[in-house]
Structure formats: structure tokens, C-alpha cells
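The file my_file-v6.cif contains mmCIF, C-alpha atoms:
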data_coords
loop_
_atom_site.group_PDB
_atom_site.id
_atom_site.type_symbol
_atom_site.label_atom_id
_atom_site.label_comp_id
_atom_site.auth_asym_id
_atom_site.auth_seq_id
_atom_site.Cartn_x
_atom_site.Cartn_y
_atom_site.Cartn_z
ATOM 1 C CA MET H 88 27.511 -8.035 -10.390
ATOM 2 C CA SER H 89 23.974 -9.356 -10.205
ATOM 3 C CA GLU H 90 21.168 -7.776 -12.193
ATOM 4 C CA PRO H 91 18.941 -5.465 -10.067
ATOM 5 C CA ILE H 92 15.609 -7.069 -9.157
ATOM 6 C CA ARG H 93 12.267 -5.245 -9.101
ATOM 7 C CA ALA H 94 9.169 -6.649 -7.433
ATOM 8 C CA ILE H 95 5.511 -6.401 -8.483
ATOM 9 C CA GLY H 96 2.496 -6.948 -6.251
ATOM 10 C CA TYR H 97 -1.283 -6.532 -6.268
ATOM 11 C CA ILE H 98 -4.390 -8.111 -4.734
ATOM 12 C CA CYS H 99 -6.325 -10.284 -7.183
ATOM 13 C CA PRO H 100 -9.947 -9.083 -7.539
ATOM 14 C CA SER H 101 -11.020 -12.636 -8.437
ATOM 15 C CA CYS H 102 -9.632 -14.733 -5.552
ATOM 16 C CA GLY H 103 -8.752 -11.921 -3.118
ATOM 17 C CA LYS H 104 -5.212 -13.207 -2.574
ATOM 18 C CA PRO H 105 -1.958 -11.301 -3.107
ATOM 19 C CA ALA H 106 -0.154 -11.796 -6.424
ATOM 20 C CA TYR H 107 3.601 -11.243 -6.186
ATOM 21 C CA GLY H 108 6.468 -11.608 -8.632
ATOM 22 C CA GLU H 109 10.028 -10.479 -9.258
ATOM 23 C CA ARG H 110 11.596 -9.370 -12.534
ATOM 24 C CA THR H 111 15.093 -8.227 -13.445
ATOM 25 C CA ARG H 112 15.457 -4.601 -14.397
ATOM 26 C CA PHE H 113 16.678 -5.791 -17.795
ATOM 27 C CA ALA H 114 13.538 -7.877 -18.358
ATOM 28 C CA LEU H 115 11.327 -4.903 -17.524
ATOM 29 C CA CYS H 116 13.265 -2.693 -19.944
ATOM 30 C CA ALA H 117 13.353 -5.228 -22.762
ATOM 31 C CA ALA H 118 9.682 -6.031 -23.274
ATOM 32 C CA ALA H 119 6.201 -5.989 -21.800
ATOM 33 C CA SER H 120 6.078 -7.836 -18.478
ATOM 34 C CA GLY H 121 3.108 -9.614 -16.962
ATOM 35 C CA LEU H 122 2.242 -10.981 -13.536
ATOM 36 C CA VAL H 123 -0.534 -13.568 -13.493
ATOM 37 C CA CYS H 124 -2.238 -14.412 -10.186
ATOM 38 C CA GLY H 125 -1.926 -18.022 -9.030
ATOM 39 C CA CYS H 126 -5.665 -18.499 -9.623
ATOM 40 C CA GLY H 127 -5.156 -17.637 -13.307
ATOM 41 C CA HIS H 128 -8.017 -15.122 -13.425
ATOM 42 C CA SER H 129 -6.145 -11.797 -13.373
ATOM 43 C CA GLU H 130 -2.937 -10.349 -14.807
ATOM 44 C CA LEU H 131 -0.996 -7.138 -14.272
ATOM 45 C CA THR H 132 0.920 -5.897 -17.309
ATOM 46 C CA ALA H 133 3.671 -3.272 -17.591
ATOM 47 C CA GLU H 134 4.623 -2.276 -21.140
ATOM 48 C CA PRO H 135 7.553 0.090 -21.880
ATOM 49 C CA CYS H 136 6.679 2.966 -24.217
ATOM 50 C CA GLY H 137 9.419 5.561 -24.621
ATOM 51 C CA THR H 138 10.139 7.191 -21.268
ATOM 52 C CA ARG H 139 6.999 5.765 -19.646
ATOM 53 C CA TYR H 140 5.310 2.460 -18.916
ATOM 54 C CA HIS H 141 1.688 1.624 -19.663
ATOM 55 C CA VAL H 142 0.506 -0.360 -16.636
ATOM 56 C CA THR H 143 -2.783 -2.280 -16.458
ATOM 57 C CA VAL H 144 -3.736 -3.253 -12.908
ATOM 58 C CA PRO H 145 -6.438 -5.679 -11.732
ATOM 59 C CA CYS H 146 -7.829 -3.915 -8.645
ATOM 60 C CA GLY H 147 -8.529 -5.977 -5.556
ATOM 61 C CA VAL H 148 -9.947 -2.882 -3.851
ATOM 62 C CA CYS H 149 -12.897 -2.082 -6.145
ATOM 63 C CA GLY H 150 -12.903 -5.253 -8.273
ATOM 64 C CA GLY H 151 -12.271 -3.419 -11.550
ATOM 65 C CA GLU H 152 -9.219 -2.835 -13.735
ATOM 66 C CA HIS H 153 -7.214 0.375 -13.981
ATOM 67 C CA ARG H 154 -4.722 1.756 -16.474
ATOM 68 C CA ALA H 155 -1.937 4.180 -15.677
ATOM 69 C CA GLU H 156 1.170 5.719 -17.213
ATOM 70 C CA VAL H 157 4.245 5.607 -14.986
ATOM 71 C CA PRO H 158 7.587 7.365 -15.635
ATOM 72 C CA SER H 159 10.293 4.778 -16.325
ATOM 73 C CA GLU H 160 12.633 6.109 -13.625
ATOM 74 C CA GLN H 161 9.983 5.565 -10.914
ATOM 75 C CA LEU H 162 9.278 2.015 -12.015
ATOM 76 C CA LEU H 163 12.903 0.962 -12.578
ATOM 77 C CA ASP H 164 14.809 2.815 -9.837
ATOM 78 C CA GLY H 165 14.515 3.798 -6.179
ATOM 79 C CA PRO H 166 11.849 2.580 -3.743
ATOM 80 C CA GLY H 167 9.291 2.256 -6.544
ATOM 81 C CA VAL H 168 5.745 3.389 -7.193
ATOM 82 C CA GLY H 169 2.301 2.648 -5.774
ATOM 83 C CA LEU H 170 -0.775 3.001 -7.983
ATOM 84 C CA ALA H 171 -4.105 3.999 -6.446
ATOM 85 C CA CYS H 172 -7.639 2.899 -7.238
ATOM 86 C CA PRO H 173 -9.360 6.006 -8.746
ATOM 87 C CA GLU H 174 -12.636 5.139 -7.015
ATOM 88 C CA THR H 175 -11.433 4.597 -3.437
ATOM 89 C CA LYS H 176 -8.017 6.374 -3.541
ATOM 90 C CA GLN H 177 -6.614 3.244 -1.849
ATOM 91 C CA LEU H 178 -3.269 2.065 -3.234
ATOM 92 C CA CYS H 179 -3.875 -1.167 -5.143
ATOM 93 C CA CYS H 180 -0.538 -2.049 -6.787
ATOM 94 C CA TYR H 181 3.152 -1.683 -6.004
ATOM 95 C CA ILE H 182 6.215 -1.973 -8.248
ATOM 96 C CA GLY H 183 9.704 -1.384 -6.872
ATOM 97 C CA GLU H 184 12.238 -2.628 -4.350
ATOM 98 C CA VAL H 185 11.576 -6.169 -3.131
ATOM 99 C CA TYR H 186 11.361 -5.262 0.570
ATOM 100 C CA GLN H 187 9.164 -2.211 -0.064
ATOM 101 C CA VAL H 188 6.725 -4.162 -2.253
ATOM 102 C CA GLN H 189 6.504 -7.128 0.135
ATOM 103 C CA ARG H 190 5.752 -4.824 3.070
ATOM 104 C CA ALA H 191 3.255 -2.724 1.104
ATOM 105 C CA LEU H 192 1.510 -5.848 -0.185
ATOM 106 C CA ARG H 193 1.025 -7.137 3.371
ATOM 107 C CA ASP H 194 -0.488 -3.782 4.369
ATOM 108 C CA LEU H 195 -2.739 -3.808 1.296
ATOM 109 C CA GLU H 196 -3.912 -7.353 2.030
ATOM 110 C CA VAL H 197 -4.906 -6.297 5.555
ATOM 111 C CA ALA H 198 -6.649 -3.155 4.257
ATOM 112 C CA VAL H 199 -8.661 -5.147 1.692
ATOM 113 C CA GLU H 200 -9.677 -7.707 4.338
ATOM 114 C CA LYS H 201 -10.734 -4.941 6.699
ATOM 115 C CA LYS H 202 -12.763 -3.321 3.920
ATOM 116 C CA LYS H 203 -14.584 -6.598 3.254
ATOM 117 C CA GLY H 204 -15.280 -7.018 6.934
ATOM 118 C CA THR H 205 -16.642 -3.506 7.350
ATOM 119 C CA GLU H 206 -18.815 -3.154 4.247
ATOM 120 C CA GLY H 207 -22.247 -1.965 5.206
ATOM 121 C CA GLY H 208 -21.319 1.187 7.095
ATOM 122 C CA ALA H 209 -19.212 -0.079 9.977
ATOM 123 C CA PHE H 210 -17.131 3.129 9.952
ATOM 124 C CA VAL H 211 -18.519 6.171 11.737
ATOM 125 C CA ASP H 212 -17.439 8.250 8.720
ATOM 126 C CA ASP H 213 -16.058 6.422 5.669
ATOM 127 C CA VAL H 214 -14.411 9.509 4.174
ATOM 128 C CA ILE H 215 -12.640 10.444 7.422
ATOM 129 C CA MET H 216 -11.481 6.857 7.936
ATOM 130 C CA TYR H 217 -9.959 6.619 4.465
ATOM 131 C CA GLU H 218 -8.288 10.030 4.874
ATOM 132 C CA VAL H 219 -6.847 8.976 8.249
ATOM 133 C CA LEU H 220 -5.557 5.710 6.761
ATOM 134 C CA SER H 221 -3.983 7.640 3.873
ATOM 135 C CA GLU H 222 -2.307 10.071 6.274
ATOM 136 C CA LEU H 223 -1.002 7.193 8.408
ATOM 137 C CA LYS H 224 0.482 5.568 5.303
ATOM 138 C CA ASP H 225 2.224 8.850 4.444
ATOM 139 C CA ILE H 226 3.655 9.148 7.959
ATOM 140 C CA ALA H 227 4.792 5.516 7.860
ATOM 141 C CA ALA H 228 6.361 5.949 4.399
ATOM 142 C CA ARG H 229 8.675 8.678 5.720
ATOM 143 C CA GLY H 230 9.635 6.555 8.741
ATOM 144 C CA GLY H 231 7.580 8.632 11.149
ATOM 145 C CA ILE H 232 5.975 5.804 13.156
ATOM 146 C CA ARG H 233 8.132 4.424 15.946
ATOM 147 C CA CYS H 234 7.719 2.624 19.251
ATOM 148 C CA ALA H 235 9.199 3.566 22.620
ATOM 149 C CA CYS H 236 10.743 0.070 22.719
ATOM 150 C CA GLY H 237 12.974 1.067 19.799
ATOM 151 C CA GLY H 238 10.962 -0.716 17.117
ATOM 152 C CA GLN H 239 10.093 0.962 13.817
ATOM 153 C CA GLY H 240 6.995 0.574 11.666
ATOM 154 C CA CYS H 241 3.686 -0.938 12.715
ATOM 155 C CA SER H 242 0.696 -2.968 11.674
ATOM 156 C CA LEU H 243 -2.775 -1.421 11.510
ATOM 157 C CA GLU H 244 -5.988 -2.623 13.130
ATOM 158 C CA VAL H 245 -8.971 -0.735 11.745
ATOM 159 C CA HIS H 246 -12.079 -0.236 13.899
ATOM 160 C CA GLY H 247 -15.303 1.692 13.362
ATOM 161 C CA SER H 248 -14.049 4.996 14.744
ATOM 162 C CA ALA H 249 -10.303 4.504 15.241
ATOM 163 C CA VAL H 250 -7.138 2.843 13.967
ATOM 164 C CA ASP H 251 -4.769 1.000 16.310
ATOM 165 C CA LEU H 252 -1.065 1.160 15.493
ATOM 166 C CA VAL H 253 0.547 -2.035 16.775
ATOM 167 C CA CYS H 254 4.310 -2.404 17.248
ATOM 168 C CA PRO H 255 5.490 -5.667 15.631
ATOM 169 C CA SER H 256 8.362 -5.909 18.140
ATOM 170 C CA CYS H 257 6.669 -5.574 21.536
ATOM 171 C CA GLY H 258 2.937 -5.463 20.789
ATOM 172 C CA GLY H 259 2.520 -1.923 22.120
ATOM 173 C CA ARG H 260 -0.512 -0.013 20.825
ATOM 174 C CA LEU H 261 -1.429 3.553 19.971
ATOM 175 C CA ARG H 262 -5.058 4.354 19.146
ATOM 176 C CA VAL H 263 -5.623 7.047 16.504
ATOM 177 C CA PRO H 264 -9.219 8.387 16.513
ATOM 178 C CA ALA H 265 -10.872 8.475 13.077
ATOM 179 C CA ALA H 266 -14.469 9.596 13.604
ATOM 180 C CA GLY H 267 -14.575 13.276 12.683
ATOM 181 C CA ASP H 268 -12.879 16.240 11.018
ATOM 182 C CA GLU H 269 -11.091 17.192 14.236
ATOM 183 C CA ASP H 270 -9.456 13.751 14.392
ATOM 184 C CA LEU H 271 -8.137 14.150 10.850
ATOM 185 C CA ASP H 272 -6.957 17.728 11.510
ATOM 186 C CA ARG H 273 -5.119 16.608 14.645
ATOM 187 C CA LEU H 274 -3.373 13.796 12.780
ATOM 188 C CA CYS H 275 -2.381 16.027 9.852
ATOM 189 C CA CYS H 276 -0.491 18.296 12.295
ATOM 190 C CA GLN H 277 1.741 15.434 13.467
ATOM 191 C CA TYR H 278 4.953 14.610 11.614
ATOM 192 C CA THR H 279 5.730 11.572 13.775
ATOM 193 C CA LEU H 280 3.794 9.165 15.976
ATOM 194 C CA MET H 281 5.200 7.326 19.003
ATOM 195 C CA ILE H 282 3.672 4.040 20.169
ATOM 196 C CA PRO H 283 4.018 3.527 23.928
ATOM 197 C CA GLY H 284 6.055 0.329 24.241
ATOM 198 C CA LYS H 285 5.089 -2.610 26.407
ATOM 199 C CA LYS H 286 7.415 -3.184 29.350
#

Do you think you could lay out the structure here as C-alpha cells?
Amino acid sequence: MSEPIRAIGYICPSCGKPAYGERTRFALCAAASGLVCGCGHSELTAEPCGTRYHVTVPCGVCGGEHRAEVPSEQLLDGPGVGLACPETKQLCCYIGEVYQVQRALRDLEVAVEKKKGTEGGAFVDDVIMYEVLSELKDIAARGGIRCACGGQGCSLEVHGSAVDLVCPSCGGRLRVPAAGDEDLDRLCCQYTLMIPGKK
């Protein structure tokens, strides 16, 4: 029986590119593990300490470095864990199942690129936009975003006052307004979202 594999991913604050690596569960349990970005200018470390791990994360969202303590069972078993940047509340690192981390890292890369492209007040309301994005991630994490074509999941296109959910299967779109409190309240009341499929 093969040794379970856990994946690690973050966006490098130095080069802006995703850093991704895989480690066996045994390797993570045995000693401190590190993931160095291909550019060589940042490194994530996860060090076992009793029933927890001390994780140091280079943050591609704010450009700093964060430290967190993560329960061992979250890091070693199940879907995994996402760590958030304390300044922006945006998730900046993922450790867990290979598929989950790869998908989350793609979403994070898009979010970081969008943030770079919209610095300087391109959002109608920054706080509302980040809350809407957070809520959409929660809905997506529980499998609540689907398309009428039968596809599941979506990619996000962030605009100044709205977020477009795009079906990866058929290209169908659903626009979610993100300009004011009422937009956030409306979204928070919805457990699922359905993208109208393209015929």
C-alpha cells in the first residue's frame, strides 16, 4: 500500500508565482518539512511539535510572512487546511489533499493577480468585495456552485462591482453583484448558486 501523499502550496511574495510540492505523510510526521519556491527567495516550513505543527508561510497576498499553529489531524488527514493572511483575510496557503491544494492554488493565483490589477481603488467597496469573495469560496467549498449543464465548480472573474462565476465545462456565466451591503446580505442567504448553462 502506497504512503499517503499531502500537498503544499502558496504564492511566492518575491516572484508572484505559485510554489507547489508534495510530501509523504510519513515525511511530514518525521521532521520539519520545507517548500522552497523555484525562484529560491521564499520558503514555507511546517514543523511538528506535539499535537500541532508550527507553520511559517511566505504570503503572496500582502508580501509579508505569517506564522500559525495547526492541529496535526487537520494537516495530515482529510481535505486539509487553508491559512489566511491576517491583514487581508484572504487564504494564502494550503496543505492537504493533492487535488484540493492544486485547485485552491489556481484560485489563489487568480485572486492575487486580480488584486494586483485592481490596486488603486478599482472596487466600488473593497470590504464588500472581499466579503463576497469569501462567501463564494465557502459556498464553493461545500459543493454549492453548479451549472445547469451539469458541471460543478467554477472559475471567478472579479470586476469593480461584481464577480462572474464561469462554468469550466460550457462557459456559462452568473454575475454576483458585490457593490453594497444588500449584495452581501443577498448572497449570505443563498446556500447554493446555479449558473445558467450555455446551450

Exercise. Rounded to one decimal place, report the CA of Cys179 (chain H)-CA of Glu130 (chain H) distance in Å.
Key: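 Going from CA of Cys179 (chain H) over to CA of Glu130 (chain H) covers 13.4 Å.
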
Discussion item. As a check of understanding, name the residues that the PyMOL selection byres ((chain H and resi 282) around 8) selects in the supplied structure, as a ChimeraX atom specification.
Written reply: /H:232-235,252-254,259-261,280-281,283-284

Spell out the residues picked by the PyMOL selection byres ((chain H and resi 219) around 10) here, as number ranges by chain. H: 213-218, 220-225, 249-250, 263-268, 270-272, 274-275

### Message
Just the number, please: distance in Å from CA of Cys236 (chain H) to CA of Tyr278 (chain H), one decimal.
### Response
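Distance between the two atoms: 19.2 Å.
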
Counting all atoms listed in the file, write as number ranges by chain all protein and nucleic acid residues lying at most 12 Å from (7.2, -4.3, -13.3) in the file's frame. H: 92-97, 107-122, 130-135, 139-144, 157-164, 167-169, 180-185, 188

**Report entry** Chain and number of each residue from the PyMOL selection byres ((chain H and resi 153) around 9), as a PyMOL selection string
**Finding:** chain H and resi 142-146+151-152+154-155+171-173

Distance of CA of Ser256 (chain H) from CA of Ala106 (chain H), expressed in Å to one decimal place =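 Distance between the two atoms: 26.7 Å.
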
Looking at H:Arg262, H:Arg273, H:Lys285, H:Arg193, which one is nearest to Ile98 (chain H), with distances taken over all atoms listed in the file?
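The answer is H:Arg193, which sits nearest to Ile98 (chain H).
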
The residue from H:Glu244, H:Pro255, H:Ile226, H:Cys136 with the smallest atom-to-atom distance to Gln277 (chain H), counting only C-alpha atoms, is H:Ile226

- request: Determine, counting all atoms listed in the file, which protein, DNA and RNA residues have an atom within 10 Å of an atom of Cys102 (chain H); residues of the same chain fewer than 2 positions away are not included. Present the result as a ChimeraX atom specification.
  value: /H:98-100,104-106,124-129,147

*Out of H:Glu156, H:Asp212, H:Gly103, H:Gly240, which residue has the shortest atom-to-atom distance to Arg190 (chain H) when counting all atoms listed in the file?*
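Among the listed residues, H:Gly240 lies closest to Arg190 (chain H).
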